[in-house]
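Trainee: Take a look at target-v3.cif, mmCIF, C-alpha atoms:
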data_final
#
loop_
_atom_site.label_atom_id
_atom_site.label_comp_id
_atom_site.auth_asym_id
_atom_site.auth_seq_id
_atom_site.Cartn_x
_atom_site.Cartn_y
_atom_site.Cartn_z
CA GLN A 250 169.38 44.26 145.76
CA VAL A 251 172.21 41.83 146.23
CA GLN A 252 171.74 38.24 145.08
CA LEU A 253 173.23 35.66 147.44
CA VAL A 254 174.03 31.97 146.99
CA GLU A 255 175.25 29.79 149.86
CA SER A 256 177.29 26.61 149.53
CA GLY A 257 179.36 24.27 151.65
CA GLY A 258 176.69 22.69 153.79
CA GLY A 259 176.60 18.98 154.46
CA LEU A 260 176.88 16.24 157.06
CA VAL A 261 179.64 16.38 159.66
CA GLN A 262 180.34 14.50 162.87
CA ALA A 263 180.22 16.25 166.21
CA GLY A 264 183.56 17.92 166.86
CA GLY A 265 184.20 18.34 163.17
CA SER A 266 184.40 21.42 160.94
CA LEU A 267 182.64 22.91 157.93
CA ARG A 268 183.17 26.07 155.95
CA LEU A 269 180.18 27.79 154.43
CA SER A 270 180.56 30.18 151.54
CA CYS A 271 178.24 32.89 150.27
CA GLY A 272 178.69 34.42 146.84
CA ALA A 273 177.16 37.81 146.09
CA SER A 274 176.21 39.50 142.85
CA GLY A 275 174.11 42.46 141.79
CA ARG A 276 174.47 45.76 143.55
CA THR A 277 177.83 46.72 145.01
CA PHE A 278 178.68 44.14 147.60
CA ASN A 279 181.52 45.92 149.28
CA TYR A 280 179.47 48.39 151.29
CA HIS A 281 177.01 45.97 152.85
CA ARG A 282 177.16 44.55 156.32
CA MET A 283 176.82 40.77 155.98
CA GLY A 284 175.38 38.21 158.33
CA TRP A 285 174.77 34.51 158.81
CA PHE A 286 171.56 33.23 160.35
CA ARG A 287 170.26 29.69 160.91
CA GLN A 288 166.95 27.93 161.38
CA ALA A 289 166.53 24.53 162.95
CA PRO A 290 163.36 22.45 162.45
CA GLY A 291 160.53 23.77 164.58
CA LYS A 292 162.49 26.81 165.67
CA GLU A 293 162.65 30.44 164.61
CA ARG A 294 165.50 31.70 162.51
CA GLU A 295 168.29 33.04 164.71
CA PHE A 296 171.36 35.19 164.38
CA VAL A 297 174.74 33.49 164.11
CA ALA A 298 177.38 36.03 163.08
CA ALA A 299 177.86 39.34 161.29
CA ILE A 300 180.73 41.28 159.75
CA SER A 301 181.14 44.94 158.84
CA TRP A 302 181.59 45.93 155.24
CA ARG A 303 185.30 46.54 155.75
CA GLY A 304 185.65 43.28 157.65
CA ASP A 305 187.16 45.02 160.67
CA SER A 306 184.25 44.36 163.02
CA THR A 307 182.52 41.07 163.79
CA TYR A 308 179.82 39.95 166.17
CA TYR A 309 178.72 36.46 167.20
CA ALA A 310 175.87 34.80 168.98
CA ASP A 311 176.95 33.50 172.37
CA SER A 312 176.18 29.94 171.26
CA VAL A 313 178.89 30.00 168.56
CA LYS A 314 181.43 32.40 170.02
CA GLY A 315 184.90 30.89 170.02
CA ARG A 316 183.89 28.13 167.58
CA PHE A 317 182.71 29.98 164.47
CA THR A 318 184.54 32.65 162.47
CA ILE A 319 182.98 34.95 159.89
CA SER A 320 185.16 36.54 157.23
CA ARG A 321 184.80 38.21 153.84
CA ASP A 322 186.74 38.83 150.66
CA ASN A 323 185.34 41.94 149.00
CA ALA A 324 187.52 41.46 145.93
CA LYS A 325 185.79 38.12 145.32
CA ASN A 326 182.33 39.17 146.58
CA MET A 327 182.42 36.32 149.09
CA VAL A 328 181.51 35.83 152.74
CA TYR A 329 182.54 32.77 154.72
CA LEU A 330 181.56 31.05 157.94
CA GLN A 331 184.17 28.70 159.36
CA MET A 332 182.53 26.35 161.84
CA ASN A 333 184.73 24.33 164.20
CA SER A 334 184.03 22.07 167.17
CA MET A 335 180.56 21.55 165.86
CA LYS A 336 177.74 20.30 168.02
CA SER A 337 174.45 18.57 167.23
CA GLU A 338 172.64 21.78 168.14
CA ASP A 339 174.39 23.51 165.23
CA SER A 340 172.26 21.45 162.82
CA ALA A 341 170.10 23.88 160.82
CA VAL A 342 169.60 25.55 157.50
CA TYR A 343 172.14 28.37 157.32
CA TYR A 344 171.30 31.61 155.51
CA CYS A 345 173.56 34.36 154.27
CA ALA A 346 172.13 37.88 154.38
CA ALA A 347 173.12 41.34 153.23
CA SER A 348 172.05 44.50 154.97
CA SER A 349 170.79 47.50 153.07
CA THR A 350 173.46 49.70 154.65
CA GLY A 351 177.04 49.53 155.82
CA THR A 352 176.18 50.91 159.23
CA TRP A 353 177.76 48.93 162.03
CA ASN A 354 176.31 48.37 165.46
CA THR A 355 175.77 45.09 167.19
CA LEU A 356 172.01 45.53 167.63
CA ALA A 357 171.50 46.09 163.91
CA ALA A 358 173.94 43.29 163.13
CA MET A 359 171.76 40.70 164.85
CA THR A 360 168.38 42.06 163.71
CA GLN A 361 166.89 40.12 160.80
CA ALA A 362 164.72 43.03 159.70
CA ASP A 363 167.88 45.02 159.05
CA TYR A 364 168.87 42.65 156.23
CA SER A 365 167.28 43.21 152.83
CA SER A 366 168.72 40.32 150.79
CA TRP A 367 168.78 36.62 151.68
CA GLY A 368 170.15 33.49 150.13
CA GLN A 369 168.21 30.26 149.69
CA GLY A 370 170.00 28.53 152.55
CA THR A 371 172.27 25.52 152.88
CA GLN A 372 171.62 22.53 155.13
CA VAL A 373 174.11 21.67 157.86
CA THR A 374 173.66 18.45 159.80
CA VAL A 375 175.86 17.48 162.73
CA SER A 376 175.70 13.84 163.77
CA SER A 377 176.45 12.93 167.38
#
Can you give me the file's structure in the form of structure tokens?
Mentor:
Amino acid sequence: QVQLVESGGGLVQAGGSLRLSCGASGRTFNYHRMGWFRQAPGKEREFVAAISWRGDSTYYADSVKGRFTISRDNAKNMVYLQMNSMKSEDSAVYYCAASSTGTWNTLAAMTQADYSSWGQGTQVTVSS
């Protein structure tokens, strides 16, 4: 399995930006599809964004499309989520996840069960 640690969460005003980072260790990171998910209080965890193992394909939830950008640096075993134009509804605990395969399709990318490794989460709070 891949071990994942998120960082970069915090408090930001509406309209502001944050960049989340996810560091990976353990099994080979390069060949895993990576994703970001989030869970707000009282709500189920939901898909945010995913990126192929090469970094040449990405997929976003409609709610963040055009505002968030997922990227990765395989040489550093890192995945990032740049969040711009943030809204109060973006407030949640954000989780980094690694799939068990490098297979890319958008259905698998947004399916939580397709991810075998999860980080502990980082809190993001957007004040209005």
Trainee: Which residues are near range 259-264 of chain A? Cut-off 12 Å, all atoms listed in the file, ignore same chain within fewer than 2 positions. Put them as a PyMOL selection string.
Mentor: chain A and resi 255-257+266-269+316+332-343+370-377
Trainee: Taking the file as I've supplied it (selection: the PyMOL selection byres ((chain A and resi 287) around 8)), which residues are included? Please answer as a list of chain:residue names.
Mentor: A:Trp285, A:Phe286, A:Gln288, A:Ala289, A:Arg294, A:Glu295, A:Phe296, A:Val297, A:Ala341, A:Val342, A:Tyr343, A:Tyr344
Trainee: Counting only C-alpha atoms, which residues come within 9 Å of (177.4, 46.8, 152.2), with the point read in the file's coordinates, and could you list them as a PyMOL selection string?
Mentor: chain A and resi 277-283+301-303+347-352
Trainee: Please evaluate the PyMOL selection byres ((chain A and resi 320) around 9) against the structure above and give the resulting residues as an NGL selection string.
Mentor: :A and (299-300 or 304 or 307 or 318-319 or 321-322 or 327-331)
Trainee: Output C-alpha atoms of each residue in that selection to a file, as a PDB file, in the frame of the given file.
Mentor:
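Final file, part-v2.pdb:
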ATOM      1  CA  ALA A 299     177.860  39.340 161.290  1.00  0.00           C
ATOM      2  CA  ILE A 300     180.730  41.280 159.750  1.00  0.00           C
ATOM      3  CA  GLY A 304     185.650  43.280 157.650  1.00  0.00           C
ATOM      4  CA  THR A 307     182.520  41.070 163.790  1.00  0.00           C
ATOM      5  CA  THR A 318     184.540  32.650 162.470  1.00  0.00           C
ATOM      6  CA  ILE A 319     182.980  34.950 159.890  1.00  0.00           C
ATOM      7  CA  ARG A 321     184.800  38.210 153.840  1.00  0.00           C
ATOM      8  CA  ASP A 322     186.740  38.830 150.660  1.00  0.00           C
ATOM      9  CA  MET A 327     182.420  36.320 149.090  1.00  0.00           C
ATOM     10  CA  VAL A 328     181.510  35.830 152.740  1.00  0.00           C
ATOM     11  CA  TYR A 329     182.540  32.770 154.720  1.00  0.00           C
ATOM     12  CA  LEU A 330     181.560  31.050 157.940  1.00  0.00           C
ATOM     13  CA  GLN A 331     184.170  28.700 159.360  1.00  0.00           C
TER      14      GLN A 331
END
Trainee: Between CA of Leu356 in chain A and CA of Tyr308 in chain A, what is the distance, to one decimal in Å?
Mentor: 9.7 Å
Trainee: Which neighbours of Gln250 in chain A fall inside 8 Å, counting all atoms listed in the file, when residues of the same chain fewer than 2 positions from it are skipped, and could you give them as an mmCIF file with C-alpha atoms, in the frame of the given file?
Mentor:
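result_19.cif written:
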data_model
loop_
_atom_site.group_PDB
_atom_site.id
_atom_site.type_symbol
_atom_site.label_atom_id
_atom_site.label_comp_id
_atom_site.auth_asym_id
_atom_site.auth_seq_id
_atom_site.Cartn_x
_atom_site.Cartn_y
_atom_site.Cartn_z
ATOM 1 C CA GLN A 252 171.740 38.240 145.080
ATOM 2 C CA GLY A 275 174.110 42.460 141.790
ATOM 3 C CA ARG A 276 174.470 45.760 143.550
ATOM 4 C CA SER A 365 167.280 43.210 152.830
ATOM 5 C CA SER A 366 168.720 40.320 150.790
#
Trainee: What separation in Å, quoted to one decimal, exists between CA of Gly291 in chain A and CA of Tyr364 in chain A?
Mentor: 22.3 Å
Trainee: In Å, how far is it from CA of Asn326 in chain A to CA of Asp305 in chain A?
Mentor: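 Between CA of Asn326 in chain A and CA of Asp305 in chain A the gap works out to 16.0 Å.
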Trainee: Counting all atoms listed in the file, figure out which residue out of A:Lys292, A:Asp311, A:Trp367, A:Thr360 gets nearest to Val254 in chain A.
Mentor: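 Smallest distance to Val254 in chain A is found for A:Trp367.
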Trainee: Would you mind telling me which residue in A:Ser306, A:Lys325, A:Ser312, A:Gly284 lies nearest to Ala358 in chain A when using all atoms listed in the file?
Mentor: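 Nearest candidate to Ala358 in chain A out of A:Ser306, A:Lys325, A:Ser312, A:Gly284: A:Gly284.
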Trainee: Padding 8 Å on every side, please: axis-aligned box over the listed atoms of range 364-370 of chain A, centre and edge lengths to one decimal in Å, as AutoDock Vina command-line options.
Mentor:
--center_x 168.7 --center_y 35.9 --center_z 153.0 --size_x 18.9 --size_y 30.7 --size_z 22.5
Trainee: Could range 312-323 of chain A be completed with all heavy atoms and written as a PDB file, keeping the file's coordinate frame, please?
Mentor:
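The resulting file, selection.pdb, is shown below:
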ATOM      1  N   SER A 312     176.158  31.388 171.466  1.00  0.00           N
ATOM      2  CA  SER A 312     176.180  29.940 171.260  1.00  0.00           C
ATOM      3  C   SER A 312     177.290  29.481 170.323  1.00  0.00           C
ATOM      4  O   SER A 312     177.656  28.295 170.325  1.00  0.00           O
ATOM      5  CB  SER A 312     174.829  29.459 170.720  1.00  0.00           C
ATOM      6  OG  SER A 312     174.528  30.120 169.498  1.00  0.00           O
ATOM      7  N   VAL A 313     177.848  30.393 169.522  1.00  0.00           N
ATOM      8  CA  VAL A 313     178.890  30.000 168.560  1.00  0.00           C
ATOM      9  C   VAL A 313     180.212  30.704 168.807  1.00  0.00           C
ATOM     10  O   VAL A 313     181.206  30.400 168.146  1.00  0.00           O
ATOM     11  CB  VAL A 313     178.434  30.260 167.104  1.00  0.00           C
ATOM     12  CG1 VAL A 313     177.100  29.595 166.840  1.00  0.00           C
ATOM     13  CG2 VAL A 313     178.382  31.754 166.793  1.00  0.00           C
ATOM     14  N   LYS A 314     180.216  31.618 169.753  1.00  0.00           N
ATOM     15  CA  LYS A 314     181.430  32.400 170.020  1.00  0.00           C
ATOM     16  C   LYS A 314     182.583  31.488 170.397  1.00  0.00           C
ATOM     17  O   LYS A 314     182.431  30.581 171.216  1.00  0.00           O
ATOM     18  CB  LYS A 314     181.153  33.397 171.147  1.00  0.00           C
ATOM     19  CG  LYS A 314     182.092  34.582 171.211  1.00  0.00           C
ATOM     20  CD  LYS A 314     181.613  35.585 172.244  1.00  0.00           C
ATOM     21  CE  LYS A 314     180.275  36.178 171.866  1.00  0.00           C
ATOM     22  NZ  LYS A 314     179.812  37.195 172.832  1.00  0.00           N
ATOM     23  N   GLY A 315     183.729  31.708 169.761  1.00  0.00           N
ATOM     24  CA  GLY A 315     184.900  30.890 170.020  1.00  0.00           C
ATOM     25  C   GLY A 315     184.985  29.652 169.153  1.00  0.00           C
ATOM     26  O   GLY A 315     186.023  28.985 169.117  1.00  0.00           O
ATOM     27  N   ARG A 316     183.902  29.318 168.454  1.00  0.00           N
ATOM     28  CA  ARG A 316     183.890  28.130 167.580  1.00  0.00           C
ATOM     29  C   ARG A 316     183.735  28.507 166.112  1.00  0.00           C
ATOM     30  O   ARG A 316     184.280  27.834 165.239  1.00  0.00           O
ATOM     31  CB  ARG A 316     182.755  27.187 167.979  1.00  0.00           C
ATOM     32  CG  ARG A 316     182.834  26.676 169.393  1.00  0.00           C
ATOM     33  CD  ARG A 316     181.766  25.613 169.672  1.00  0.00           C
ATOM     34  NE  ARG A 316     180.402  26.115 169.516  1.00  0.00           N
ATOM     35  CZ  ARG A 316     179.533  25.629 168.648  1.00  0.00           C
ATOM     36  NH1 ARG A 316     179.867  24.640 167.841  1.00  0.00           N
ATOM     37  NH2 ARG A 316     178.307  26.131 168.593  1.00  0.00           N
ATOM     38  N   PHE A 317     182.975  29.548 165.838  1.00  0.00           N
ATOM     39  CA  PHE A 317     182.710  29.980 164.470  1.00  0.00           C
ATOM     40  C   PHE A 317     183.476  31.271 164.176  1.00  0.00           C
ATOM     41  O   PHE A 317     183.666  32.105 165.060  1.00  0.00           O
ATOM     42  CB  PHE A 317     181.221  30.251 164.254  1.00  0.00           C
ATOM     43  CG  PHE A 317     180.342  29.031 164.257  1.00  0.00           C
ATOM     44  CD1 PHE A 317     180.798  27.787 164.689  1.00  0.00           C
ATOM     45  CD2 PHE A 317     179.019  29.125 163.842  1.00  0.00           C
ATOM     46  CE1 PHE A 317     179.985  26.665 164.695  1.00  0.00           C
ATOM     47  CE2 PHE A 317     178.189  28.019 163.829  1.00  0.00           C
ATOM     48  CZ  PHE A 317     178.671  26.796 164.266  1.00  0.00           C
ATOM     49  N   THR A 318     183.858  31.426 162.908  1.00  0.00           N
ATOM     50  CA  THR A 318     184.540  32.650 162.470  1.00  0.00           C
ATOM     51  C   THR A 318     183.937  33.113 161.154  1.00  0.00           C
ATOM     52  O   THR A 318     183.885  32.339 160.186  1.00  0.00           O
ATOM     53  CB  THR A 318     186.043  32.409 162.284  1.00  0.00           C
ATOM     54  OG1 THR A 318     186.613  31.942 163.513  1.00  0.00           O
ATOM     55  CG2 THR A 318     186.740  33.705 161.877  1.00  0.00           C
ATOM     56  N   ILE A 319     183.505  34.359 161.126  1.00  0.00           N
ATOM     57  CA  ILE A 319     182.980  34.950 159.890  1.00  0.00           C
ATOM     58  C   ILE A 319     184.081  35.792 159.257  1.00  0.00           C
ATOM     59  O   ILE A 319     184.856  36.464 159.956  1.00  0.00           O
ATOM     60  CB  ILE A 319     181.720  35.805 160.167  1.00  0.00           C
ATOM     61  CG1 ILE A 319     181.093  36.274 158.853  1.00  0.00           C
ATOM     62  CG2 ILE A 319     182.024  36.975 161.098  1.00  0.00           C
ATOM     63  CD1 ILE A 319     179.726  36.948 159.045  1.00  0.00           C
ATOM     64  N   SER A 320     184.168  35.746 157.945  1.00  0.00           N
ATOM     65  CA  SER A 320     185.160  36.540 157.230  1.00  0.00           C
ATOM     66  C   SER A 320     184.593  36.902 155.860  1.00  0.00           C
ATOM     67  O   SER A 320     183.555  36.369 155.441  1.00  0.00           O
ATOM     68  CB  SER A 320     186.469  35.757 157.071  1.00  0.00           C
ATOM     69  OG  SER A 320     186.273  34.572 156.320  1.00  0.00           O
ATOM     70  N   ARG A 321     185.263  37.798 155.166  1.00  0.00           N
ATOM     71  CA  ARG A 321     184.800  38.210 153.840  1.00  0.00           C
ATOM     72  C   ARG A 321     185.975  38.571 152.967  1.00  0.00           C
ATOM     73  O   ARG A 321     187.038  38.980 153.454  1.00  0.00           O
ATOM     74  CB  ARG A 321     183.803  39.360 153.934  1.00  0.00           C
ATOM     75  CG  ARG A 321     184.379  40.681 154.419  1.00  0.00           C
ATOM     76  CD  ARG A 321     183.267  41.689 154.711  1.00  0.00           C
ATOM     77  NE  ARG A 321     182.536  42.064 153.497  1.00  0.00           N
ATOM     78  CZ  ARG A 321     181.353  42.687 153.522  1.00  0.00           C
ATOM     79  NH1 ARG A 321     180.776  42.973 154.679  1.00  0.00           N
ATOM     80  NH2 ARG A 321     180.763  43.011 152.391  1.00  0.00           N
ATOM     81  N   ASP A 322     185.764  38.436 151.670  1.00  0.00           N
ATOM     82  CA  ASP A 322     186.740  38.830 150.660  1.00  0.00           C
ATOM     83  C   ASP A 322     185.997  39.714 149.677  1.00  0.00           C
ATOM     84  O   ASP A 322     185.319  39.199 148.769  1.00  0.00           O
ATOM     85  CB  ASP A 322     187.341  37.599 149.993  1.00  0.00           C
ATOM     86  CG  ASP A 322     188.460  37.946 149.022  1.00  0.00           C
ATOM     87  OD1 ASP A 322     188.519  39.101 148.562  1.00  0.00           O
ATOM     88  OD2 ASP A 322     189.272  37.059 148.723  1.00  0.00           O
ATOM     89  N   ASN A 323     186.101  41.021 149.840  1.00  0.00           N
ATOM     90  CA  ASN A 323     185.340  41.940 149.000  1.00  0.00           C
ATOM     91  C   ASN A 323     185.782  41.880 147.541  1.00  0.00           C
ATOM     92  O   ASN A 323     184.988  42.129 146.632  1.00  0.00           O
ATOM     93  CB  ASN A 323     185.439  43.356 149.537  1.00  0.00           C
ATOM     94  CG  ASN A 323     184.622  43.551 150.813  1.00  0.00           C
ATOM     95  OD1 ASN A 323     183.756  42.741 151.148  1.00  0.00           O
ATOM     96  ND2 ASN A 323     184.916  44.613 151.542  1.00  0.00           N
TER      97      ASN A 323
END
